[in-house]
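Peer 1: My structure is below; once you've seen it, I'll send some questions.
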Protein chains: 2
Amino acid sequence: MATLKDVAALAGVSVKTVSNVVNGHAFVKAENRRRVEEALAATGYRPNLGARNLRRGRTGFVALVLPELGIPYFSELAGLVLRAAQAHEWNVLIEQTLGTREGERAALASLGTHLVDGAVVSPEALLEGDFAELSLPVVMLGEHTVDLPIDRVGIDNVRAAEEAVGHLVSSGRRRIAAIGAHPARGTAALRLQGYRAALAAAGLPFDESLVATALHYHRAEGAAAMEALLALPEPPDAVFCFNDLLAVGALRTASAHGLRVPEDVAVVGFDNTEEGAYHRPSLTTVAPDKAAIADAAVTLLRHRVEDPDRPHEQVQTPFTLEIRESTAG
Amino acid sequence: MATLKDVAALAGVSVKTVSNVVNGHAFVKAENRRRVEEALAATGYRPNLGARNLRRGRTGFVALVLPELGIPYFSELAGLVLRAAQAHEWNVLIEQTLGTREGERAALASLGTHLVDGAVVSPEALLEGDFAELSLPVVMLGEHTVDLPIDRVGIDNVRAAEEAVGHLVSSGRRRIAAIGAHPARGTAALRLQGYRAALAAAGLPFDESLVATALHYHRAEGAAAMEALLALPEPPDAVFCFNDLLAVGALRTASAHGLRVPEDVAVVGFDNTEEGAYHRPSLTTVAPDKAAIADAAVTLLRHRVEDPDRPHEQVQTPFTLEIRESTAG
DNA sequence: CATCGTTGGTACAACGTTGTAAAGGGCCGT
DNA sequence: ACGGCCCTTTACAACGTTGTACCAACGATG
């Protein structure tokens, strides 16, 4: 691998002059510039970004910390974050936490090793205190229950859930279940809150047996939860799932039981993954503007890196309710 | 951020002694070790991996170059590669090419900037020559039509396609279409070859009008291709799709046309994404062992980095045919 | 002709880390 | 008491880059 030194030797100038040519700096005599450029081409010089960044005090990397790439919502989001970061000349380093608190703590800890300029973190099980020791610019994805001095991007989960359940109510459903409650996850609590608010607004009772817990938001869990709900003495006539994957699992179980969707039971998801749109029946779902989330996260992070002392921001991105076959016959 | 220097000053020893403690090196007097460890804790020292890697001549990064994270096969694979790389203390940097030749060339070019120790590349449109200028350790995913001196991991696409189509034949199908032909993609050619071989083996004619092209292997393209096939004077009674996404799109179109799957038309996919397993009907598909691919790729890369001159290897990973509802009533 | 400003180029240090070589100190055996 | 050996620690250089300070040449200006 050619270094500046090699190029300088070949061109017969100092290392710094080559550096100046490479960076388009200052005054270089035409004759020398030509010779340097020739030498650059001849050696096939490529700057060592590691060394450059060491010198410059930045790394050119950002970390994207998320639960799991296998979950469509996160892989779609990751793709968008990659694209947004590329526009800022950032390389993105993805770290999976598998949604565990240890995984997330480990990921946060590794951020301290100067490898990245900042991070976009999508926490699931993290406690508030875990962020305290963090000295690096970080943008959090998703709402959180407690107010932390941290930049944050997300949608209004309560209102989104409320709207989704409200849609079920207005189509005449009376026993509406929820799948996705979680003991530690902040967004789960918010969506549950929206669910309860919508029930209350419609004068429907809150029935604890209609709320199913899910620990990992995978399809299998949605299927299992639906299984349990259908085994109730009075099964639900609609289900609000806290993400599309759970909903797909629930749809599978419903169809396995010979139930028609939406006639016998309606299903709503959350995330608007493409998978849901192509499912049969296609899935009604809350559709966050993922591109807006990715763009806002990267922009916030850039601002924070440039000025660590600026006031913290909370950006709320828009969402819509995509009504499809799983609720509208 | 605390550096070795800060810690050394606090502990009253030399920088190197601190470095020795941090790296568990050699002989350090108990008393000094204690004081250094105290100082480490007090300052919250975290090594600057950039500087360390500069010194060590490695970067600790590998690049994973793939078309698009939004495609489940690649996001599932990426997750597995991340996990495998973590075991080797590698950070993974993901780059999306969107399947274009320019994107792939750009990604390869950026590998030269010393940012990564090597790369795992899943090419779609790359030509053979594009690899020539590459001086970095690289492992390619997927078969390629021409023999290059490059490490490679993949399944036997011809045999896999043959088996998939053979399964359709043996269930009595006679007009079997294919979706996913591509002018430049190596794997597409191989799967098409397997498709033709299976037809030939069954004594079925090869009908060009039953072969649909797809440029990006997305659901929408599968749906559109199926639309065209169903508009034929003699529509197919089975479709072999070159990936699951195309198959899901095809299933959508079939159901929109009121066709029953598999009674009226059978569908086979390729990749065994979880999405296909939960679709209704669930998707029969070729199931490559993705974990084996990821592990083999990372292992090959590690070997290549350690010894750039070793002979190149081609690893063939196993696959199975997952038979589900879309072919077996 | 002395002075000055502009233009072009260089040497050096530094970013934070680690390998190398060498030096300091204690202890042993003679 | 002395050389020799081990344990322990240190100074220095280096990885490849760039900012700072400085130097040299030159033409223009007074």
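To be explicit about the labels: the chains of the structure tokens are called A, B, and onward in the order shown, and within each one the residues are counted from 1, while ligands get numbers from 1 in the order they are shown.
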Pull the closest atom pair for each residue of chain A that gets at most 8 Å from chain B, along with the distance in Å to one decimal, counting only C-alpha atoms, ordering rows by chain and then ascending residue number, as CSV.
Peer 2:
```
residue,atom,partner,partner_atom,distance
A:Arg46,CA,B:Thr113,CA,5.5
A:Pro47,CA,B:Thr113,CA,5.8
A:Asn48,CA,B:His114,CA,5.2
A:Leu49,CA,B:Thr113,CA,6.1
A:Gly50,CA,B:Leu115,CA,6.2
A:Ala51,CA,B:Leu54,CA,6.4
A:Leu54,CA,B:Ala51,CA,6.4
A:Thr59,CA,B:Gly50,CA,7.8
A:Glu68,CA,B:Gly79,CA,6.9
A:Leu69,CA,B:Gly79,CA,5.3
A:Gly70,CA,B:Glu76,CA,4.8
A:Pro72,CA,B:Pro72,CA,7.0
A:Ser75,CA,B:Leu69,CA,5.6
A:Glu76,CA,B:Gly70,CA,4.8
A:Ala78,CA,B:Leu69,CA,7.1
A:Gly79,CA,B:Leu69,CA,5.3
A:Leu82,CA,B:Glu95,CA,7.5
A:Asn91,CA,B:Leu93,CA,7.1
A:Val92,CA,B:Leu93,CA,5.8
A:Leu93,CA,B:Leu93,CA,4.6
A:Ile94,CA,B:Val92,CA,6.5
A:Glu95,CA,B:Leu82,CA,7.5
A:Gln96,CA,B:Gly79,CA,7.6
A:Gly112,CA,B:Arg46,CA,6.3
A:Thr113,CA,B:Asn48,CA,5.3
A:His114,CA,B:Asn48,CA,5.2
A:Leu115,CA,B:Gly50,CA,6.1
A:Arg219,CA,B:Tyr278,CA,7.8
A:Val248,CA,B:Tyr278,CA,7.0
A:Gly249,CA,B:Tyr278,CA,6.9
A:Arg252,CA,B:Tyr278,CA,6.4
A:Glu275,CA,B:Glu275,CA,6.9
A:Tyr278,CA,B:Arg252,CA,6.4
A:His279,CA,B:His279,CA,6.2
A:Arg280,CA,B:Arg280,CA,6.1
```
Peer 1: Keeping N, CA and C atoms, export the residues of the selection given above as a CSV table (one decimal), in the first residue's frame.
Peer 2:
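As a result, result.csv now contains:
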```csv
chain,number,residue,atom,x,y,z
A,46,ARG,N,-4.0,5.6,-2.0
A,46,ARG,CA,-5.3,5.8,-1.4
A,46,ARG,C,-5.0,6.2,0.0
A,47,PRO,N,-5.6,7.3,0.5
A,47,PRO,CA,-5.3,7.8,1.8
A,47,PRO,C,-5.7,6.8,2.9
A,48,ASN,N,-4.9,6.7,3.9
A,48,ASN,CA,-5.3,5.8,5.0
A,48,ASN,C,-6.2,6.6,6.0
A,49,LEU,N,-7.5,6.3,5.8
A,49,LEU,CA,-8.5,7.1,6.6
A,49,LEU,C,-8.3,7.0,8.1
A,50,GLY,N,-7.9,5.8,8.5
A,50,GLY,CA,-7.7,5.6,9.9
A,50,GLY,C,-6.7,6.6,10.4
A,51,ALA,N,-5.6,6.8,9.8
A,51,ALA,CA,-4.5,7.7,10.2
A,51,ALA,C,-5.1,9.1,10.1
A,54,LEU,N,-7.4,9.8,12.9
A,54,LEU,CA,-6.7,9.9,14.2
A,54,LEU,C,-6.1,11.3,14.3
A,59,THR,N,-13.7,10.1,13.4
A,59,THR,CA,-13.5,8.7,12.9
A,59,THR,C,-14.2,8.5,11.6
A,68,GLU,N,-32.2,-6.2,16.0
A,68,GLU,CA,-32.0,-7.4,15.2
A,68,GLU,C,-32.3,-7.0,13.7
A,69,LEU,N,-31.4,-7.4,12.8
A,69,LEU,CA,-31.6,-7.1,11.4
A,69,LEU,C,-32.7,-8.0,10.8
A,70,GLY,N,-32.9,-9.1,11.5
A,70,GLY,CA,-33.9,-10.0,10.9
A,70,GLY,C,-35.3,-9.5,11.0
A,72,PRO,N,-38.0,-7.0,10.0
A,72,PRO,CA,-38.1,-6.2,8.8
A,72,PRO,C,-38.1,-4.7,9.1
A,75,SER,N,-34.6,-3.7,9.6
A,75,SER,CA,-33.7,-3.8,8.4
A,75,SER,C,-34.1,-2.7,7.4
A,76,GLU,N,-35.4,-2.4,7.3
A,76,GLU,CA,-35.8,-1.3,6.4
A,76,GLU,C,-35.3,0.0,6.9
A,78,ALA,N,-32.7,0.4,8.8
A,78,ALA,CA,-31.2,0.4,8.7
A,78,ALA,C,-30.8,0.9,7.3
A,79,GLY,N,-31.5,0.3,6.3
A,79,GLY,CA,-31.2,0.7,4.9
A,79,GLY,C,-31.4,2.2,4.7
A,82,LEU,N,-28.5,4.0,6.5
A,82,LEU,CA,-27.3,3.9,5.7
A,82,LEU,C,-27.3,5.0,4.6
A,91,ASN,N,-19.6,6.5,7.5
A,91,ASN,CA,-19.8,5.0,7.3
A,91,ASN,C,-20.6,4.5,8.5
A,92,VAL,N,-21.4,3.6,8.2
A,92,VAL,CA,-22.3,3.1,9.3
A,92,VAL,C,-21.9,1.7,9.7
A,93,LEU,N,-21.8,1.5,11.0
A,93,LEU,CA,-21.4,0.3,11.6
A,93,LEU,C,-22.6,-0.2,12.4
A,94,ILE,N,-23.1,-1.4,12.1
A,94,ILE,CA,-24.3,-1.8,12.7
A,94,ILE,C,-24.0,-2.8,13.8
A,95,GLU,N,-24.7,-2.7,14.9
A,95,GLU,CA,-24.5,-3.6,16.0
A,95,GLU,C,-25.9,-4.1,16.4
A,96,GLN,N,-25.9,-5.4,16.6
A,96,GLN,CA,-27.2,-6.0,17.0
A,96,GLN,C,-27.2,-6.3,18.5
A,112,GLY,N,-17.6,3.8,23.5
A,112,GLY,CA,-16.6,4.6,24.2
A,112,GLY,C,-15.2,4.4,23.6
A,113,THR,N,-15.0,3.5,22.7
A,113,THR,CA,-13.7,3.2,22.3
A,113,THR,C,-13.2,4.0,21.1
A,114,HIS,N,-13.8,5.2,20.9
A,114,HIS,CA,-13.3,6.1,19.9
A,114,HIS,C,-13.4,5.6,18.5
A,115,LEU,N,-14.2,4.6,18.3
A,115,LEU,CA,-14.3,4.1,16.9
A,115,LEU,C,-15.3,4.9,16.1
A,219,ARG,N,-42.7,-13.3,14.7
A,219,ARG,CA,-43.9,-13.9,14.1
A,219,ARG,C,-44.4,-15.0,15.0
A,248,VAL,N,-48.6,-10.6,11.6
A,248,VAL,CA,-48.5,-11.7,10.6
A,248,VAL,C,-48.7,-13.1,11.3
A,249,GLY,N,-48.0,-13.2,12.5
A,249,GLY,CA,-48.2,-14.5,13.2
A,249,GLY,C,-49.7,-14.7,13.6
A,252,ARG,N,-51.7,-15.8,10.7
A,252,ARG,CA,-51.5,-17.2,10.4
A,252,ARG,C,-52.3,-18.1,11.4
A,275,GLU,N,-43.8,-6.5,3.9
A,275,GLU,CA,-44.4,-7.8,4.1
A,275,GLU,C,-45.9,-7.8,4.4
A,278,TYR,N,-48.2,-7.2,1.4
A,278,TYR,CA,-48.3,-8.3,0.5
A,278,TYR,C,-48.9,-9.6,1.1
A,279,HIS,N,-49.2,-9.5,2.4
A,279,HIS,CA,-49.8,-10.7,3.0
A,279,HIS,C,-51.2,-10.8,2.5
A,280,ARG,N,-51.7,-12.0,2.7
A,280,ARG,CA,-53.1,-12.2,2.3
A,280,ARG,C,-53.9,-12.7,3.5
```
Peer 1: Could you do a least-squares fit of chain B on chain A over every C-alpha atom, in sequence order, and give the output as a compact mmCIF listing (two decimals) with C-alpha atoms, in the first residue's frame?
Peer 2:
```txt
# COMPACT_ATOMS: atom_id res chain seq x y z
CA MET B 1 -0.02 -0.05 0.04
CA ALA B 2 1.32 3.29 -1.09
CA THR B 3 1.57 6.06 1.47
CA LEU B 4 2.08 9.77 1.08
CA LYS B 5 5.77 9.16 1.62
CA ASP B 6 6.01 6.82 -1.33
CA VAL B 7 4.19 9.22 -3.58
CA ALA B 8 6.36 12.10 -2.41
CA ALA B 9 9.53 10.16 -3.12
CA LEU B 10 8.32 9.27 -6.60
CA ALA B 11 7.30 12.83 -7.41
CA GLY B 12 10.37 14.34 -5.84
CA VAL B 13 8.49 16.65 -3.49
CA SER B 14 7.77 16.73 0.21
CA VAL B 15 5.12 14.67 1.89
CA LYS B 16 3.15 17.75 2.76
CA THR B 17 2.99 18.93 -0.82
CA VAL B 18 1.43 15.63 -1.79
CA SER B 19 -0.98 15.99 1.08
CA ASN B 20 -1.83 19.45 -0.19
CA VAL B 21 -2.56 18.15 -3.65
CA VAL B 22 -4.67 15.32 -2.30
CA ASN B 23 -6.71 17.71 -0.20
CA GLY B 24 -6.92 20.41 -2.83
CA HIS B 25 -5.23 22.80 -0.47
CA ALA B 26 -3.53 26.09 -1.10
CA PHE B 27 -0.96 26.94 -3.71
CA VAL B 28 0.82 24.26 -5.65
CA LYS B 29 2.77 25.05 -8.77
CA ALA B 30 1.22 23.58 -11.91
CA GLU B 31 4.35 21.62 -12.70
CA ASN B 32 4.47 20.03 -9.26
CA ARG B 33 0.78 19.35 -9.20
CA ARG B 34 1.12 17.49 -12.47
CA ARG B 35 4.00 15.40 -11.22
CA VAL B 36 2.24 14.61 -7.95
CA GLU B 37 -0.89 13.61 -9.77
CA GLU B 38 1.09 11.34 -12.00
CA ALA B 39 2.75 9.78 -9.00
CA LEU B 40 -0.61 9.37 -7.31
CA ALA B 41 -1.95 7.55 -10.29
CA ALA B 42 1.17 5.46 -10.70
CA THR B 43 1.17 4.26 -7.12
CA GLY B 44 -2.59 3.92 -6.86
CA TYR B 45 -2.48 5.90 -3.66
CA ARG B 46 -5.46 5.68 -1.34
CA PRO B 47 -5.42 7.70 1.86
CA ASN B 48 -5.30 5.83 5.12
CA LEU B 49 -8.49 7.09 6.66
CA GLY B 50 -7.59 5.66 10.03
CA ALA B 51 -4.49 7.81 10.23
CA ARG B 52 -6.29 10.80 8.83
CA ASN B 53 -9.04 10.51 11.36
CA LEU B 54 -6.59 10.04 14.20
CA ARG B 55 -4.97 13.26 13.20
CA ARG B 56 -8.26 15.05 12.73
CA GLY B 57 -9.70 13.78 15.97
CA ARG B 58 -12.72 12.17 14.38
CA THR B 59 -13.36 8.66 13.23
CA GLY B 60 -15.76 8.95 10.36
CA PHE B 61 -17.89 6.20 11.88
CA VAL B 62 -21.22 6.17 13.59
CA ALA B 63 -22.72 3.19 15.30
CA LEU B 64 -26.26 2.04 14.75
CA VAL B 65 -27.38 0.01 17.72
CA LEU B 66 -30.53 -1.98 17.22
CA PRO B 67 -32.14 -5.17 18.44
CA GLU B 68 -31.95 -7.37 15.39
CA LEU B 69 -31.52 -7.06 11.66
CA GLY B 70 -33.79 -10.04 11.11
CA ILE B 71 -36.77 -7.87 12.08
CA PRO B 72 -37.96 -6.14 8.91
CA TYR B 73 -38.71 -2.86 10.60
CA PHE B 74 -35.14 -2.57 11.78
CA SER B 75 -33.55 -3.76 8.59
CA GLU B 76 -35.62 -1.32 6.55
CA LEU B 77 -34.73 1.42 8.98
CA ALA B 78 -31.07 0.43 8.93
CA GLY B 79 -31.02 0.67 5.17
CA LEU B 80 -32.40 4.19 5.37
CA VAL B 81 -29.96 5.23 8.07
CA LEU B 82 -27.10 3.88 5.96
CA ARG B 83 -28.24 6.02 3.09
CA ALA B 84 -28.65 9.12 5.22
CA ALA B 85 -25.27 8.66 6.85
CA GLN B 86 -23.54 8.21 3.53
CA ALA B 87 -24.63 11.68 2.59
CA HIS B 88 -22.67 12.99 5.56
CA GLU B 89 -19.61 10.91 4.73
CA TRP B 90 -20.19 8.66 7.66
CA ASN B 91 -19.60 4.96 7.66
CA VAL B 92 -22.11 3.01 9.64
CA LEU B 93 -21.28 0.23 11.98
CA ILE B 94 -24.21 -1.89 13.00
CA GLU B 95 -24.43 -3.60 16.32
CA GLN B 96 -27.13 -6.06 17.32
CA THR B 97 -28.29 -6.22 20.89
CA LEU B 98 -30.90 -8.93 20.45
CA GLY B 99 -33.11 -6.74 22.58
CA THR B 100 -31.49 -7.73 25.84
CA ARG B 101 -30.43 -5.25 28.43
CA GLU B 102 -26.96 -6.79 28.64
CA GLY B 103 -26.57 -6.56 24.89
CA GLU B 104 -27.58 -2.93 24.93
CA ARG B 105 -25.33 -2.10 27.84
CA ALA B 106 -22.42 -3.83 26.14
CA ALA B 107 -23.06 -1.91 22.96
CA LEU B 108 -23.16 1.39 24.79
CA ALA B 109 -19.97 0.55 26.64
CA SER B 110 -18.10 -0.24 23.45
CA LEU B 111 -19.01 3.19 22.14
CA GLY B 112 -16.44 4.67 24.50
CA THR B 113 -13.50 3.26 22.58
CA HIS B 114 -13.16 6.20 20.22
CA LEU B 115 -14.19 4.09 17.32
CA VAL B 116 -17.21 6.18 16.47
CA ASP B 117 -18.12 9.83 16.43
CA GLY B 118 -21.56 9.07 17.75
CA ALA B 119 -24.38 6.59 17.76
CA VAL B 120 -27.99 6.11 16.85
CA VAL B 121 -29.53 3.80 19.40
CA SER B 122 -32.83 2.00 19.28
CA PRO B 123 -33.24 0.72 22.81
CA GLU B 124 -35.69 -1.90 23.94
CA ALA B 125 -34.85 -2.88 27.45
CA LEU B 126 -32.45 -0.17 28.49
CA LEU B 127 -33.07 1.56 31.72
CA GLU B 128 -32.67 5.27 32.01
CA GLY B 129 -29.63 5.02 34.22
CA ASP B 130 -27.72 3.13 31.58
CA PHE B 131 -27.35 6.27 29.56
CA ALA B 132 -25.91 8.29 32.39
CA GLU B 133 -22.30 7.23 31.98
CA LEU B 134 -22.39 7.98 28.30
CA SER B 135 -20.17 10.79 27.13
CA LEU B 136 -20.64 10.29 23.42
CA PRO B 137 -23.13 12.03 21.15
CA VAL B 138 -26.14 9.77 20.96
CA VAL B 139 -29.53 9.99 19.32
CA MET B 140 -32.24 7.73 20.61
CA LEU B 141 -34.91 6.24 18.42
CA GLY B 142 -38.37 5.84 19.81
CA GLU B 143 -40.10 7.52 22.63
CA HIS B 144 -39.13 6.88 26.16
CA THR B 145 -41.17 7.16 29.25
CA VAL B 146 -38.79 9.28 31.25
CA ASP B 147 -37.37 12.59 30.18
CA LEU B 148 -33.66 12.31 29.65
CA PRO B 149 -31.32 14.98 28.37
CA ILE B 150 -30.89 13.18 25.07
CA ASP B 151 -31.78 13.85 21.46
CA ARG B 152 -34.64 11.71 20.37
CA VAL B 153 -36.63 10.87 17.26
CA GLY B 154 -39.88 9.04 17.16
CA ILE B 155 -43.56 9.09 16.51
CA ASP B 156 -46.34 9.73 18.97
CA ASN B 157 -46.96 6.15 19.96
CA VAL B 158 -49.95 6.88 22.13
CA ARG B 159 -51.81 8.73 19.44
CA ALA B 160 -50.84 6.18 16.80
CA ALA B 161 -52.14 3.30 18.88
CA GLU B 162 -55.26 5.26 19.69
CA GLU B 163 -55.90 5.87 16.03
CA ALA B 164 -55.36 2.23 15.12
CA VAL B 165 -57.73 0.97 17.78
CA GLY B 166 -60.17 3.76 17.01
CA HIS B 167 -60.28 2.48 13.45
CA LEU B 168 -61.26 -0.96 14.73
CA VAL B 169 -63.90 0.53 16.98
CA SER B 170 -65.42 2.54 14.19
CA SER B 171 -65.68 -0.58 12.03
CA GLY B 172 -67.90 -2.07 14.69
CA ARG B 173 -65.49 -4.22 16.70
CA ARG B 174 -66.31 -4.62 20.34
CA ARG B 175 -63.85 -7.16 21.75
CA ILE B 176 -60.51 -5.82 20.74
CA ALA B 177 -57.39 -7.61 21.91
CA ALA B 178 -53.82 -6.34 22.07
CA ILE B 179 -50.67 -8.34 21.42
CA GLY B 180 -47.27 -7.03 22.45
CA ALA B 181 -47.40 -5.93 26.08
CA HIS B 182 -43.94 -6.00 27.56
CA PRO B 183 -42.77 -5.56 31.14
CA ALA B 184 -39.85 -3.25 30.35
CA ARG B 185 -40.26 -1.81 26.90
CA GLY B 186 -41.17 1.85 26.88
CA THR B 187 -42.90 1.87 23.53
CA ALA B 188 -45.01 -1.12 24.54
CA ALA B 189 -46.31 0.83 27.51
CA LEU B 190 -47.17 3.79 25.31
CA ARG B 191 -49.01 1.71 22.76
CA LEU B 192 -50.90 -0.03 25.49
CA GLN B 193 -51.82 3.35 26.87
CA GLY B 194 -53.15 4.41 23.49
CA TYR B 195 -55.09 1.17 23.24
CA ARG B 196 -56.75 1.79 26.60
CA ALA B 197 -57.49 5.38 25.73
CA ALA B 198 -59.25 4.34 22.54
CA LEU B 199 -61.32 1.74 24.39
CA ALA B 200 -62.25 4.28 27.00
CA ALA B 201 -63.20 6.84 24.37
CA ALA B 202 -65.55 4.27 22.82
CA GLY B 203 -67.00 3.29 26.16
CA LEU B 204 -65.62 -0.22 25.87
CA PRO B 205 -64.42 -2.04 28.97
CA PHE B 206 -60.75 -2.85 29.45
CA ASP B 207 -60.39 -6.61 29.76
CA GLU B 208 -57.01 -7.74 30.99
CA SER B 209 -57.41 -11.20 29.52
CA LEU B 210 -57.41 -9.63 26.08
CA VAL B 211 -53.90 -8.25 26.50
CA ALA B 212 -51.18 -10.67 25.44
CA THR B 213 -47.55 -10.25 26.32
CA ALA B 214 -44.74 -10.67 23.80
CA LEU B 215 -41.07 -10.59 24.64
CA HIS B 216 -39.41 -10.43 21.24
CA TYR B 217 -42.01 -9.26 18.75
CA HIS B 218 -41.38 -12.14 16.39
CA ARG B 219 -43.88 -13.87 14.16
CA ALA B 220 -43.91 -17.00 16.27
CA GLU B 221 -44.89 -15.02 19.34
CA GLY B 222 -47.73 -13.37 17.49
CA ALA B 223 -48.95 -16.76 16.39
CA ALA B 224 -48.74 -18.17 19.91
CA ALA B 225 -50.49 -15.17 21.44
CA MET B 226 -53.31 -15.43 18.92
CA GLU B 227 -53.63 -19.09 19.73
CA ALA B 228 -54.19 -18.20 23.37
CA LEU B 229 -56.67 -15.46 22.54
CA LEU B 230 -58.74 -17.76 20.35
CA ALA B 231 -58.87 -20.26 23.17
CA LEU B 232 -60.68 -17.76 25.38
CA PRO B 233 -64.30 -18.46 26.20
CA GLU B 234 -65.11 -15.21 24.47
CA PRO B 235 -62.49 -14.72 21.75
CA PRO B 236 -61.80 -11.25 20.34
CA ASP B 237 -63.30 -9.89 17.13
CA ALA B 238 -60.23 -7.75 16.48
CA VAL B 239 -56.56 -7.67 17.41
CA PHE B 240 -54.21 -4.75 17.62
CA CYS B 241 -50.61 -5.97 17.35
CA PHE B 242 -47.71 -3.82 18.46
CA ASN B 243 -45.74 -4.62 15.34
CA ASP B 244 -46.28 -6.15 11.91
CA LEU B 245 -44.42 -9.33 12.71
CA LEU B 246 -46.74 -10.15 15.57
CA ALA B 247 -49.64 -9.34 13.27
CA VAL B 248 -48.40 -11.68 10.58
CA GLY B 249 -48.13 -14.44 13.15
CA ALA B 250 -51.63 -13.67 14.36
CA LEU B 251 -52.97 -13.78 10.81
CA ARG B 252 -51.38 -17.19 10.32
CA THR B 253 -53.03 -18.58 13.42
CA ALA B 254 -56.38 -17.08 12.50
CA SER B 255 -56.30 -18.69 9.10
CA ALA B 256 -55.15 -22.00 10.61
CA HIS B 257 -58.27 -21.89 12.74
CA GLY B 258 -60.39 -21.37 9.67
CA LEU B 259 -61.29 -17.84 10.65
CA ARG B 260 -61.91 -15.29 7.95
CA VAL B 261 -60.05 -11.99 8.18
CA PRO B 262 -61.47 -9.41 8.53
CA GLU B 263 -64.99 -10.86 8.71
CA ASP B 264 -64.45 -12.99 11.83
CA VAL B 265 -61.51 -11.15 13.25
CA ALA B 266 -59.77 -7.96 12.15
CA VAL B 267 -56.05 -7.40 12.56
CA VAL B 268 -53.99 -4.24 12.75
CA GLY B 269 -50.21 -4.09 12.82
CA PHE B 270 -47.61 -1.46 13.45
CA ASP B 271 -44.55 -0.44 11.38
CA ASN B 272 -45.84 -0.78 7.84
CA THR B 273 -43.30 -3.30 6.66
CA GLU B 274 -43.53 -4.28 3.03
CA GLU B 275 -44.15 -7.82 4.12
CA GLY B 276 -47.47 -6.81 5.62
CA ALA B 277 -48.57 -5.08 2.45
CA TYR B 278 -48.06 -8.25 0.42
CA HIS B 279 -49.54 -10.63 2.91
CA ARG B 280 -52.87 -12.15 2.17
CA PRO B 281 -54.94 -10.55 3.50
CA SER B 282 -52.83 -7.44 3.32
CA LEU B 283 -52.23 -5.87 6.68
CA THR B 284 -53.73 -2.67 7.99
CA THR B 285 -50.96 -0.98 9.91
CA VAL B 286 -49.60 2.15 11.49
CA ALA B 287 -47.08 3.57 9.06
CA PRO B 288 -44.31 5.67 10.58
CA ASP B 289 -42.34 7.70 8.09
CA LYS B 290 -39.15 5.66 8.32
CA ALA B 291 -37.17 7.81 5.95
CA ALA B 292 -38.03 10.85 8.04
CA ILE B 293 -36.90 9.03 11.18
CA ALA B 294 -33.61 8.03 9.61
CA ASP B 295 -32.93 11.48 8.22
CA ALA B 296 -33.83 13.23 11.44
CA ALA B 297 -31.67 10.88 13.48
CA VAL B 298 -28.62 11.42 11.33
CA THR B 299 -29.16 15.15 11.18
CA LEU B 300 -29.59 15.43 14.94
CA LEU B 301 -26.46 13.39 15.45
CA ARG B 302 -24.47 15.59 13.12
CA HIS B 303 -25.60 18.69 14.95
CA ARG B 304 -24.78 17.14 18.30
CA VAL B 305 -21.30 16.12 17.15
CA GLU B 306 -20.62 19.60 15.87
CA ASP B 307 -21.86 21.27 19.00
CA PRO B 308 -22.07 19.01 22.04
CA ASP B 309 -23.53 21.78 24.17
CA ARG B 310 -26.57 22.65 22.14
CA PRO B 311 -29.95 22.07 23.76
CA HIS B 312 -31.39 18.62 23.36
CA GLU B 313 -34.11 18.11 20.81
CA GLN B 314 -37.06 15.80 20.51
CA VAL B 315 -38.24 15.36 16.97
CA GLN B 316 -41.65 13.90 16.34
CA THR B 317 -42.01 12.36 12.92
CA PRO B 318 -45.34 11.88 11.21
CA PHE B 319 -47.26 8.64 10.78
CA THR B 320 -50.34 7.51 8.92
CA LEU B 321 -52.75 4.61 9.25
CA GLU B 322 -52.61 2.37 6.18
CA ILE B 323 -55.95 0.69 5.87
CA ARG B 324 -55.82 -2.59 3.98
CA GLU B 325 -57.65 -5.89 3.68
CA SER B 326 -57.10 -7.15 7.22
CA THR B 327 -59.63 -4.64 8.54
CA ALA B 328 -61.58 -3.48 5.51
CA GLY B 329 -63.40 -6.26 3.72
```
Peer 1: Only residues of chain C matter here; which ones have an atom within 12 Å of chain A, counting only C-alpha atoms (C1' of nucleotides)? Give them as a PyMOL selection string.
Peer 2: chain C and resi 6-17
Peer 1: Taking only C-alpha atoms (C1' of nucleotides) into account, what are the residues of chain D at most 10 Å from chain B, put as a PyMOL selection string?
Peer 2: chain D and resi 7-11+14-16
Peer 1: Record the distance separating atom C1' of D:DA28 and atom C1' of C:DC1, expressed in Å with one decimal.
Peer 2: 13.3 Å
Peer 1: Give me, please, the distance in Å between atom C1' of D:DG4 and atom C1' of C:DT20, quoted to one decimal.
Peer 2: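 Distance reported for this atom pair: 22.7 Å.
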Peer 1: Which parts of stretch 244-293 of chain B does DSSP call alpha helix (DSSP H) when run on the backbone here, written out as a ChimeraX atom specification?
Peer 2: /B:244-256,274-278,290-293
